[in-house]
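Participant: Input file: run15.txt. Contents: compact mmCIF, C-alpha atoms.
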```
# COMPACT_ATOMS: atom_id res chain seq x y z
CA MET A 345 0.00 0.00 0.00
CA CYS A 346 1.26 3.44 -0.83
CA GLU A 347 0.82 6.81 0.77
CA GLU A 348 2.07 8.97 -2.07
CA ILE A 349 -0.18 11.42 -3.85
CA ASN A 350 -0.60 12.50 -7.44
CA GLN A 351 1.04 9.30 -8.60
CA TRP A 352 0.13 6.57 -11.02
CA TYR A 353 -1.63 3.59 -9.53
CA MET A 354 -2.76 0.29 -10.94
CA LEU A 355 -6.33 -0.25 -9.87
CA THR A 356 -7.47 -3.86 -10.03
CA VAL A 357 -11.15 -4.64 -9.74
CA ILE A 358 -12.83 -8.03 -9.98
CA GLY A 359 -16.30 -9.28 -9.24
CA LYS A 360 -19.37 -10.98 -10.59
CA ASP A 361 -19.97 -9.66 -14.09
CA GLN A 362 -23.00 -7.44 -14.49
CA PRO A 363 -23.93 -4.55 -16.77
CA GLY A 364 -22.63 -1.09 -15.97
CA ILE A 365 -19.54 -1.80 -13.89
CA VAL A 366 -17.14 0.13 -16.14
CA ALA A 367 -19.46 3.11 -16.33
CA HIS A 368 -19.92 3.01 -12.56
CA LEU A 369 -16.20 2.83 -11.77
CA SER A 370 -15.07 5.36 -14.35
CA THR A 371 -17.70 7.85 -13.20
CA LEU A 372 -16.60 7.50 -9.58
CA LEU A 373 -12.98 7.99 -10.60
CA TYR A 374 -13.87 11.00 -12.72
CA LYS A 375 -15.71 12.57 -9.81
CA GLN A 376 -12.59 12.11 -7.68
CA GLY A 377 -10.43 13.89 -10.26
CA CYS A 378 -8.62 10.78 -11.43
CA HIS A 379 -6.96 10.67 -14.83
CA LEU A 380 -7.18 7.31 -16.57
CA GLY A 381 -4.29 5.71 -18.39
CA GLU A 382 -4.15 2.39 -20.16
CA ALA A 383 -6.71 -0.24 -19.21
CA SER A 384 -7.61 -3.82 -19.90
CA MET A 385 -11.03 -5.20 -19.07
CA ILE A 386 -11.98 -8.75 -19.82
CA ARG A 387 -14.45 -11.37 -18.69
CA LEU A 388 -12.65 -14.39 -17.28
CA GLY A 389 -14.72 -17.39 -16.41
CA GLY A 390 -17.81 -15.23 -16.13
CA ASN A 391 -16.08 -12.78 -13.81
CA PHE A 392 -15.59 -9.10 -14.46
CA THR A 393 -11.92 -8.11 -14.33
CA ILE A 394 -10.25 -4.83 -15.07
CA MET A 395 -6.79 -3.42 -14.58
CA LEU A 396 -6.76 0.32 -14.91
CA MET A 397 -3.97 2.86 -14.68
CA ILE A 398 -5.12 5.89 -12.76
CA ARG A 399 -3.37 9.07 -11.66
CA CYS A 400 -4.83 11.03 -8.82
CA GLY A 401 -4.11 13.11 -5.79
CA ILE A 402 -5.89 10.80 -3.38
CA LYS A 403 -4.12 8.36 -1.14
CA ASP A 404 -4.69 4.84 -2.35
CA HIS A 405 -6.37 3.56 0.81
CA ASP A 406 -8.73 6.52 0.75
CA LEU A 407 -9.56 5.81 -2.87
CA ILE A 408 -10.17 2.12 -2.19
CA ALA A 409 -12.40 3.01 0.75
CA TYR A 410 -14.36 5.45 -1.39
CA LEU A 411 -14.77 3.03 -4.28
CA ALA A 412 -15.75 0.19 -1.94
CA GLU A 413 -18.33 2.35 -0.18
CA GLN A 414 -19.82 3.55 -3.46
CA SER A 415 -19.77 0.06 -4.98
CA ARG A 416 -21.15 -1.99 -2.12
CA GLN A 417 -24.12 -3.26 -4.11
CA LEU A 418 -21.83 -4.51 -6.88
CA GLU A 419 -19.74 -6.61 -4.45
CA LEU A 420 -16.47 -5.79 -6.14
CA HIS A 421 -13.00 -6.67 -4.91
CA ILE A 422 -10.79 -3.61 -5.27
CA HIS A 423 -7.02 -3.43 -5.05
CA CYS A 424 -4.61 -0.58 -5.72
CA ASP A 425 -0.82 -0.45 -6.14
CA LEU A 426 1.61 2.36 -6.78
CA ILE A 427 3.24 1.92 -10.17
CA ASN A 428 5.65 3.63 -12.49
CA GLY A 429 3.24 4.99 -15.10
CA LEU A 430 5.51 4.76 -18.10
CA LEU A 431 3.35 5.93 -20.98
CA HIS A 432 4.46 6.47 -24.58
CA HIS A 433 6.99 3.66 -24.53
CA HIS A 434 5.12 0.84 -26.21
CA ARG A 435 7.12 -2.11 -27.46
CA GLU A 436 6.13 -3.74 -30.70
CA PRO A 437 5.77 -7.52 -30.78
CA ASP A 438 7.45 -9.23 -33.69
CA VAL A 439 6.07 -12.72 -33.24
CA ARG A 440 2.75 -14.42 -32.50
CA ILE A 441 2.45 -17.94 -31.13
CA SER A 442 -0.83 -19.83 -31.06
CA VAL A 443 -1.26 -22.99 -29.01
CA HIS A 444 -4.16 -25.37 -28.69
CA SER A 445 -4.51 -28.73 -27.07
CA ALA A 446 -6.78 -30.93 -25.03
CA ASP A 447 -6.70 -29.21 -21.66
CA ARG A 448 -4.37 -30.56 -19.01
CA MET A 449 -2.16 -29.21 -16.27
CA GLY A 450 1.15 -27.64 -17.23
CA ILE A 451 0.54 -26.37 -20.77
CA VAL A 452 1.39 -22.75 -20.00
CA ALA A 453 4.36 -23.68 -17.83
CA HIS A 454 5.78 -25.96 -20.50
CA VAL A 455 5.27 -23.69 -23.49
CA THR A 456 6.34 -20.44 -21.87
CA SER A 457 9.41 -22.07 -20.30
CA VAL A 458 10.54 -23.32 -23.68
CA LEU A 459 9.88 -19.94 -25.24
CA ALA A 460 11.66 -18.04 -22.48
CA THR A 461 14.74 -20.21 -22.89
CA ALA A 462 14.71 -19.43 -26.61
CA GLY A 463 14.57 -15.69 -25.97
CA LEU A 464 10.90 -14.77 -26.10
CA ASP A 465 9.90 -11.69 -24.17
CA ILE A 466 6.12 -11.99 -23.75
CA LEU A 467 4.17 -8.77 -24.20
CA ASN A 468 0.67 -10.18 -24.34
CA LEU A 469 -0.88 -13.53 -23.41
CA GLU A 470 -4.51 -14.53 -23.67
CA SER A 471 -6.03 -17.92 -23.09
CA ASP A 472 -9.45 -19.52 -23.14
CA ILE A 473 -10.96 -22.82 -22.18
CA ALA A 474 -13.19 -23.98 -25.00
CA GLY A 475 -14.82 -27.34 -25.76
CA THR A 476 -17.05 -28.94 -23.18
CA GLU A 477 -16.78 -29.79 -19.50
CA LEU A 478 -16.04 -33.39 -20.42
CA ALA A 479 -13.59 -32.50 -23.17
CA PRO A 480 -12.07 -29.07 -22.49
CA ILE A 481 -9.73 -27.47 -24.99
CA TYR A 482 -7.00 -25.04 -23.99
CA ILE A 483 -6.34 -22.24 -26.46
CA MET A 484 -3.58 -19.71 -25.91
CA HIS A 485 -2.22 -16.83 -27.95
CA ILE A 486 1.02 -15.09 -27.17
CA GLU A 487 2.61 -12.03 -28.70
CA GLY A 488 6.13 -10.98 -27.90
CA CYS A 489 9.62 -10.02 -28.96
CA ALA A 490 11.89 -12.77 -30.21
CA THR A 491 15.17 -11.50 -28.78
CA GLN A 492 17.11 -14.40 -30.28
CA GLY A 493 15.17 -14.46 -33.53
CA ILE A 494 12.07 -16.34 -34.60
CA SER A 495 14.06 -19.33 -35.88
CA ALA A 496 15.30 -19.91 -32.32
CA LEU A 497 11.70 -20.08 -31.16
CA ARG A 498 10.74 -22.47 -33.96
CA THR A 499 13.62 -24.77 -33.10
CA ALA A 500 12.76 -24.74 -29.42
CA LEU A 501 9.07 -25.42 -30.03
CA ASN A 502 9.94 -28.49 -32.12
CA GLU A 503 10.54 -30.34 -28.86
CA ILE A 504 6.86 -30.03 -27.94
CA ASN A 505 4.97 -32.76 -29.74
CA ASP A 506 1.78 -33.17 -27.75
CA MET A 507 0.01 -29.95 -28.68
CA SER A 508 -0.63 -27.87 -31.79
CA ILE A 509 1.58 -24.82 -31.98
CA SER A 510 1.90 -22.31 -34.77
CA ILE A 511 4.26 -19.39 -34.95
CA GLU A 512 4.20 -16.44 -37.31
CA SER A 513 6.10 -13.20 -37.54
CA ILE A 514 4.41 -9.86 -37.03
CA GLN A 515 5.65 -7.27 -39.46
CA THR A 516 4.24 -3.83 -38.78
CA VAL A 517 3.59 -1.36 -41.59
CA PHE A 518 4.82 2.10 -40.57
CA GLY A 519 3.57 4.62 -43.05
CA MET B 119 15.57 18.78 -50.60
CA ALA B 120 14.15 19.44 -47.18
CA LEU B 121 13.07 17.39 -44.23
CA HIS B 122 9.49 18.25 -43.35
CA LYS B 123 7.70 17.97 -40.04
CA ILE B 124 5.17 15.15 -40.06
CA LEU B 125 1.68 16.31 -39.18
CA ARG B 126 0.35 14.49 -36.15
CA TYR B 127 -3.14 13.49 -35.17
CA PRO B 128 -5.43 15.29 -34.39
CA ASP B 129 -4.22 17.86 -36.93
CA ALA B 130 -7.32 18.55 -39.03
CA ARG B 131 -5.27 18.67 -42.23
CA LEU B 132 -4.88 14.90 -42.03
CA LYS B 133 -8.63 14.55 -42.61
CA ILE B 134 -8.72 16.53 -45.86
CA ILE B 135 -9.26 14.67 -49.14
CA SER B 136 -6.31 15.34 -51.43
CA GLU B 137 -6.52 16.79 -54.93
CA PRO B 138 -5.09 15.21 -58.09
CA VAL B 139 -1.72 16.41 -59.32
CA ILE B 140 -2.03 18.37 -62.57
CA ASN B 141 1.37 19.90 -63.20
CA PHE B 142 4.41 17.67 -63.51
CA ASP B 143 6.95 20.43 -63.05
CA GLN B 144 9.94 21.40 -60.97
CA GLN B 145 7.71 22.21 -58.01
CA LEU B 146 6.43 18.64 -58.05
CA ARG B 147 9.94 17.25 -58.27
CA VAL B 148 10.96 19.25 -55.21
CA LEU B 149 7.94 17.98 -53.28
CA LEU B 150 8.71 14.39 -54.27
CA ALA B 151 12.32 14.75 -53.12
CA ASP B 152 11.15 16.22 -49.83
CA LEU B 153 8.72 13.35 -49.31
CA VAL B 154 11.45 10.79 -49.91
CA GLU B 155 13.82 12.53 -47.51
CA THR B 156 11.15 12.81 -44.83
CA MET B 157 10.12 9.16 -45.21
CA ASP B 158 13.72 7.99 -45.08
CA ALA B 159 14.30 9.90 -41.86
CA ALA B 160 11.77 7.68 -40.08
CA PRO B 161 13.15 4.35 -38.89
CA TYR B 162 11.35 1.51 -40.66
CA GLY B 163 9.03 3.97 -42.39
CA VAL B 164 7.89 2.15 -45.52
CA GLY B 165 5.61 4.81 -46.90
CA ILE B 166 4.52 8.40 -46.81
CA ALA B 167 1.68 10.41 -48.30
CA ALA B 168 1.86 14.07 -49.27
CA PRO B 169 -0.88 15.15 -46.82
CA GLN B 170 1.31 13.90 -43.96
CA ILE B 171 3.58 16.89 -44.57
CA GLY B 172 0.74 19.28 -45.26
CA PHE B 173 0.37 19.00 -49.05
CA GLN B 174 -3.12 17.84 -49.99
CA GLN B 175 -2.04 16.31 -53.29
CA ARG B 176 -2.56 12.73 -54.43
CA ILE B 177 0.99 11.52 -54.04
CA ILE B 178 2.27 8.53 -52.10
CA ILE B 179 5.69 6.98 -51.85
CA VAL B 180 6.20 3.38 -50.82
CA ASP B 181 9.49 1.66 -50.14
CA CYS B 182 9.29 -1.82 -48.61
CA THR B 183 13.03 -2.33 -48.78
CA LYS B 184 13.15 -0.75 -45.31
CA THR B 185 11.42 -3.47 -43.30
CA ARG B 186 13.02 -5.18 -40.31
CA ARG B 187 12.78 -8.49 -42.14
CA PRO B 188 12.83 -8.61 -45.95
CA VAL B 189 9.52 -8.82 -47.79
CA PRO B 190 8.82 -9.09 -51.52
CA ASN B 191 8.70 -5.58 -52.94
CA HIS B 192 9.01 -3.36 -55.99
CA GLY B 193 11.64 -1.09 -54.44
CA ARG B 194 11.01 2.60 -54.02
CA LEU B 195 7.89 3.73 -55.86
CA ILE B 196 6.62 7.22 -56.50
CA LEU B 197 2.89 6.95 -57.13
CA VAL B 198 1.08 10.05 -58.34
CA ASN B 199 -2.71 10.12 -58.70
CA PRO B 200 -2.91 6.43 -57.77
CA GLU B 201 -6.08 4.52 -58.62
CA LEU B 202 -7.05 1.23 -57.04
CA ILE B 203 -8.25 -0.93 -59.92
CA THR B 204 -8.89 -4.32 -58.32
CA TRP B 205 -8.48 -5.94 -54.95
CA ASP B 206 -8.73 -9.47 -53.67
CA GLY B 207 -8.59 -11.29 -50.35
CA MET B 208 -8.66 -9.89 -46.83
CA ALA B 209 -6.19 -10.20 -43.99
CA LEU B 210 -5.56 -8.64 -40.61
CA GLY B 211 -2.18 -7.07 -40.06
CA ARG B 212 -0.42 -4.65 -37.78
CA GLU B 213 0.01 -1.02 -38.74
CA GLY B 214 1.50 2.10 -37.28
CA CYS B 215 1.74 5.61 -38.63
CA MET B 216 4.24 8.43 -38.44
CA SER B 217 1.30 10.74 -37.82
CA ILE B 218 0.20 8.72 -34.75
CA PRO B 219 3.29 8.02 -32.64
CA ASP B 220 3.53 5.17 -30.14
CA TYR B 221 0.52 3.18 -31.24
CA THR B 222 0.00 0.24 -33.52
CA GLY B 223 -3.19 -1.62 -34.25
CA ASN B 224 -4.72 -4.27 -36.40
CA VAL B 225 -6.40 -3.40 -39.65
CA ILE B 226 -8.12 -5.48 -42.31
CA ARG B 227 -6.70 -4.91 -45.79
CA ALA B 228 -6.90 -6.54 -49.18
CA VAL B 229 -4.17 -9.10 -49.77
CA HIS B 230 -3.72 -8.46 -53.50
CA ILE B 231 -4.30 -5.17 -55.28
CA GLU B 232 -3.85 -3.77 -58.74
CA LEU B 233 -3.00 -0.11 -58.96
CA HIS B 234 -2.62 2.41 -61.75
CA ALA B 235 -0.50 5.47 -61.04
CA LEU B 236 1.59 8.11 -62.73
CA ASN B 237 5.29 8.47 -62.12
CA GLU B 238 7.19 11.71 -61.52
CA SER B 239 7.13 12.41 -65.26
CA GLY B 240 3.40 11.84 -65.62
CA GLU B 241 3.74 8.43 -67.30
CA LYS B 242 1.08 5.87 -66.43
CA ASN B 243 2.14 2.53 -64.91
CA SER B 244 0.29 -0.50 -63.65
CA TYR B 245 1.32 -2.39 -60.52
CA GLN B 246 0.39 -5.61 -58.79
CA PHE B 247 1.02 -5.63 -55.04
CA GLU B 248 0.48 -8.33 -52.47
CA ASN B 249 0.65 -8.94 -48.74
CA PHE B 250 2.88 -6.52 -46.82
CA GLU B 251 3.53 -4.21 -49.74
CA ALA B 252 -0.16 -4.15 -50.64
CA ARG B 253 -0.92 -3.21 -47.03
CA ALA B 254 1.60 -0.37 -47.12
CA VAL B 255 0.11 0.97 -50.36
CA GLN B 256 -3.43 0.80 -48.97
CA HIS B 257 -2.34 2.55 -45.77
CA GLU B 258 -0.94 5.42 -47.84
CA LEU B 259 -3.93 5.52 -50.20
CA ASP B 260 -6.13 6.06 -47.16
CA HIS B 261 -4.18 9.21 -46.29
CA LEU B 262 -5.26 10.68 -49.64
CA GLU B 263 -8.88 10.21 -48.56
CA GLY B 264 -8.32 11.69 -45.12
CA ILE B 265 -8.54 8.27 -43.50
CA LEU B 266 -6.13 7.13 -40.79
CA PHE B 267 -5.49 3.55 -39.76
CA ILE B 268 -7.09 4.27 -36.40
CA ASP B 269 -10.32 4.83 -38.35
CA ARG B 270 -10.15 1.17 -39.37
CA LEU B 271 -8.95 -0.50 -36.18
CA VAL B 272 -10.00 -4.00 -35.30
CA SER B 273 -9.77 -5.19 -31.68
CA ARG B 274 -6.40 -6.65 -30.82
CA ARG B 275 -8.14 -9.55 -29.15
CA THR B 276 -10.03 -10.28 -32.35
CA ASP B 277 -6.70 -10.54 -34.09
CA LEU B 278 -5.62 -13.28 -31.74
CA PHE B 279 -7.78 -15.82 -33.48
CA GLN B 280 -5.67 -17.63 -35.97
CA ARG B 281 -6.29 -16.83 -39.59
CA LYS B 282 -5.17 -17.87 -43.01
CA SER B 283 -2.57 -15.54 -44.48
```
Could you quickly redo this structure as structure tokens?
Facilitator:
Amino acid sequence: MCEEINQWYMLTVIGKDQPGIVAHLSTLLYKQGCHLGEASMIRLGGNFTIMLMIRCGIKDHDLIAYLAEQSRQLELHIHCDLINGLLHHHREPDVRISVHSADRMGIVAHVTSVLATAGLDILNLESDIAGTELAPIYIMHIEGCATQGISALRTALNEINDMSISIESIQTVFG
Amino acid sequence: MALHKILRYPDARLKIISEPVINFDQQLRVLLADLVETMDAAPYGVGIAAPQIGFQQRIIIVDCTKTRRPVPNHGRLILVNPELITWDGMALGREGCMSIPDYTGNVIRAVHIELHALNESGEKNSYQFENFEARAVQHELDHLEGILFIDRLVSRRTDLFQRKS
């Protein structure tokens, strides 16, 4: 927990998904004079989740208390951490890896360990459980920077034979 | 030759539809040289359109020899009064723009295009572009219509679903 003011914070909010949560939270933050930075909201397993950069002059515990009080009916779990709000320094991924397999324990650990050893710096990872309860399918997409080149990643991934993995380069048009 | 300042969003001049070039004279040659110099000054910049430096004329320059990894290309092309004749296929790909620093996004573009354009002397040429180079050309053509790639963004998450290239 941090006591500093007028700093960037990472606000994390989770709870049962229901309509209007983003509007509710962003309005409360606006009323408290908070500036919003980058944000990512996604439904995970039917739950509402959002991570939201905010900059404000309120102490984080005061902000959490205010948001909790104003959001009691929504039963949200709210967390806030001081962060270094480094905007305008995006890194561009140069490779995309897609993985799918019958679901089992250890897929992410195995794949990401192999990729890390071969020089992948992960910038974005998303996964879903598809299929059915009796036959779940794990689907994962990763974007990142291949610090040792994409061929190093291809070679490393060749050792994984029990799941479907594709890898393709991302070439960005700058015009 | 002169290095020009790139106009940046939300400069309203980026939203103006450009006019066809009529005179193929010394003034045009100077503008073309300036465009090339300004494009070359941007790391990995593979294209530029005249409106990006404040000239609302239908001129684009594309040079896909400047990519991080080599792609098939026609070399440096000066395309005056370009006309899209045919297009085929659709693909998502990542784009950025000198007029919108520090942001890239996914945009759907045609995979193959046929283009007619005049060169710096006013001679008509026909081109076939595909994949990355076709994307670069379409990105620059949009500038001539006052359209930016952020007008065509597709969710990054949508892009995560695997697709045929």
Participant: When you look at B:Glu238 with a cut-off of 9 Å (counting all atoms listed in the file), what residues show up, excluding the ones that are within fewer than 3 positions of it in the same chain? I need them as a CSV table (one decimal) with C-alpha atoms, in the coordinates of the input.
Facilitator:
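So around-v2.csv came out as:
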```csv
chain,number,residue,atom,x,y,z
B,142,PHE,CA,4.4,17.7,-63.5
B,143,ASP,CA,7.0,20.4,-63.0
B,146,LEU,CA,6.4,18.6,-58.0
B,147,ARG,CA,9.9,17.2,-58.3
B,150,LEU,CA,8.7,14.4,-54.3
B,196,ILE,CA,6.6,7.2,-56.5
B,197,LEU,CA,2.9,7.0,-57.1
B,198,VAL,CA,1.1,10.0,-58.3
B,241,GLU,CA,3.7,8.4,-67.3
```
Participant: Would you compute the distance between atom CA of A:Ala460 and atom CA of A:Ser445? Give it in Å to one decimal.
Facilitator: 19.9 Å
Participant: Calculated over only C-alpha atoms, which of the candidates B:Arg176, B:Asp181, B:Gly223, B:Asn191 has the smallest distance to B:Ile140?
Facilitator: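 Going through B:Arg176, B:Asp181, B:Gly223, B:Asn191 one by one, the smallest distance to B:Ile140 is for B:Arg176.
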Participant: Considering only C-alpha atoms, can you say which of B:Thr156, B:Gln175, B:Thr204, B:Ser244 comes closest to chain A?
Facilitator: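 Using only C-alpha atoms, chain A sits closest to B:Thr156.
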Participant: Find, counting all atoms listed in the file, the residue in A:Thr516, A:Gln376, A:Met449, A:Ile358 that gets nearest to A:Gly390.
Facilitator: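 Of A:Thr516, A:Gln376, A:Met449, A:Ile358, the one nearest A:Gly390, counting all atoms listed in the file, is A:Ile358.
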Participant: Return the single residue from A:Pro480, A:Gly359, A:Gly493, A:Gly488 that is closest to A:Arg448, with distances computed using all atoms listed in the file.
Facilitator: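 For A:Arg448, the nearest of the given residues is A:Pro480.
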Participant: Do me a favour and pick out the residues of chain A within 7 Å of chain B, using all atoms listed in the file, as a count of residues only.
Facilitator: 9
Participant: Select, from A:Leu459, A:Asp465, A:Ala453, A:Glu470, the residue with the minimum atom-to-atom distance to A:Ser384, counting only C-alpha atoms.
Facilitator: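 Among the listed residues, the smallest separation from A:Ser384 belongs to A:Glu470.
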Participant: Enclose all atoms of stretch 127-140 of chain B listed in the file in an axis-aligned box, grow every side by 5 Å, and hand back centre and edge lengths in Å to one decimal, as AutoDock Vina command-line options.
Facilitator:
```
--center_x -5.5 --center_y 16.1 --center_z -48.5 --size_x 17.5 --size_y 15.2 --size_z 38.2
```
Participant: Write out as a ChimeraX atom specification which residues come within 10 Å of B:Met119 when counting all atoms listed in the file, dropping same-chain ones fewer than 2 positions away.
Facilitator: /B:121-122,147-156
Participant: Can you pull out the residues contacting A:Asp425? Cut-off 10 Å, using all atoms listed in the file, and skip same-chain residues under 3 positions away; I want them as a VMD selection string.
Facilitator: chain A and resid 345 to 346 352 to 356 397 404 to 405 428
Participant: Set the distance at 12 Å and use all atoms listed in the file: which residues neighbour A:Asn391 once local chain neighbours fewer than 5 positions away are removed? I'd like the list as an MDAnalysis selection string.
Facilitator: chainID A and resid 357:363 365 385:386 419:421
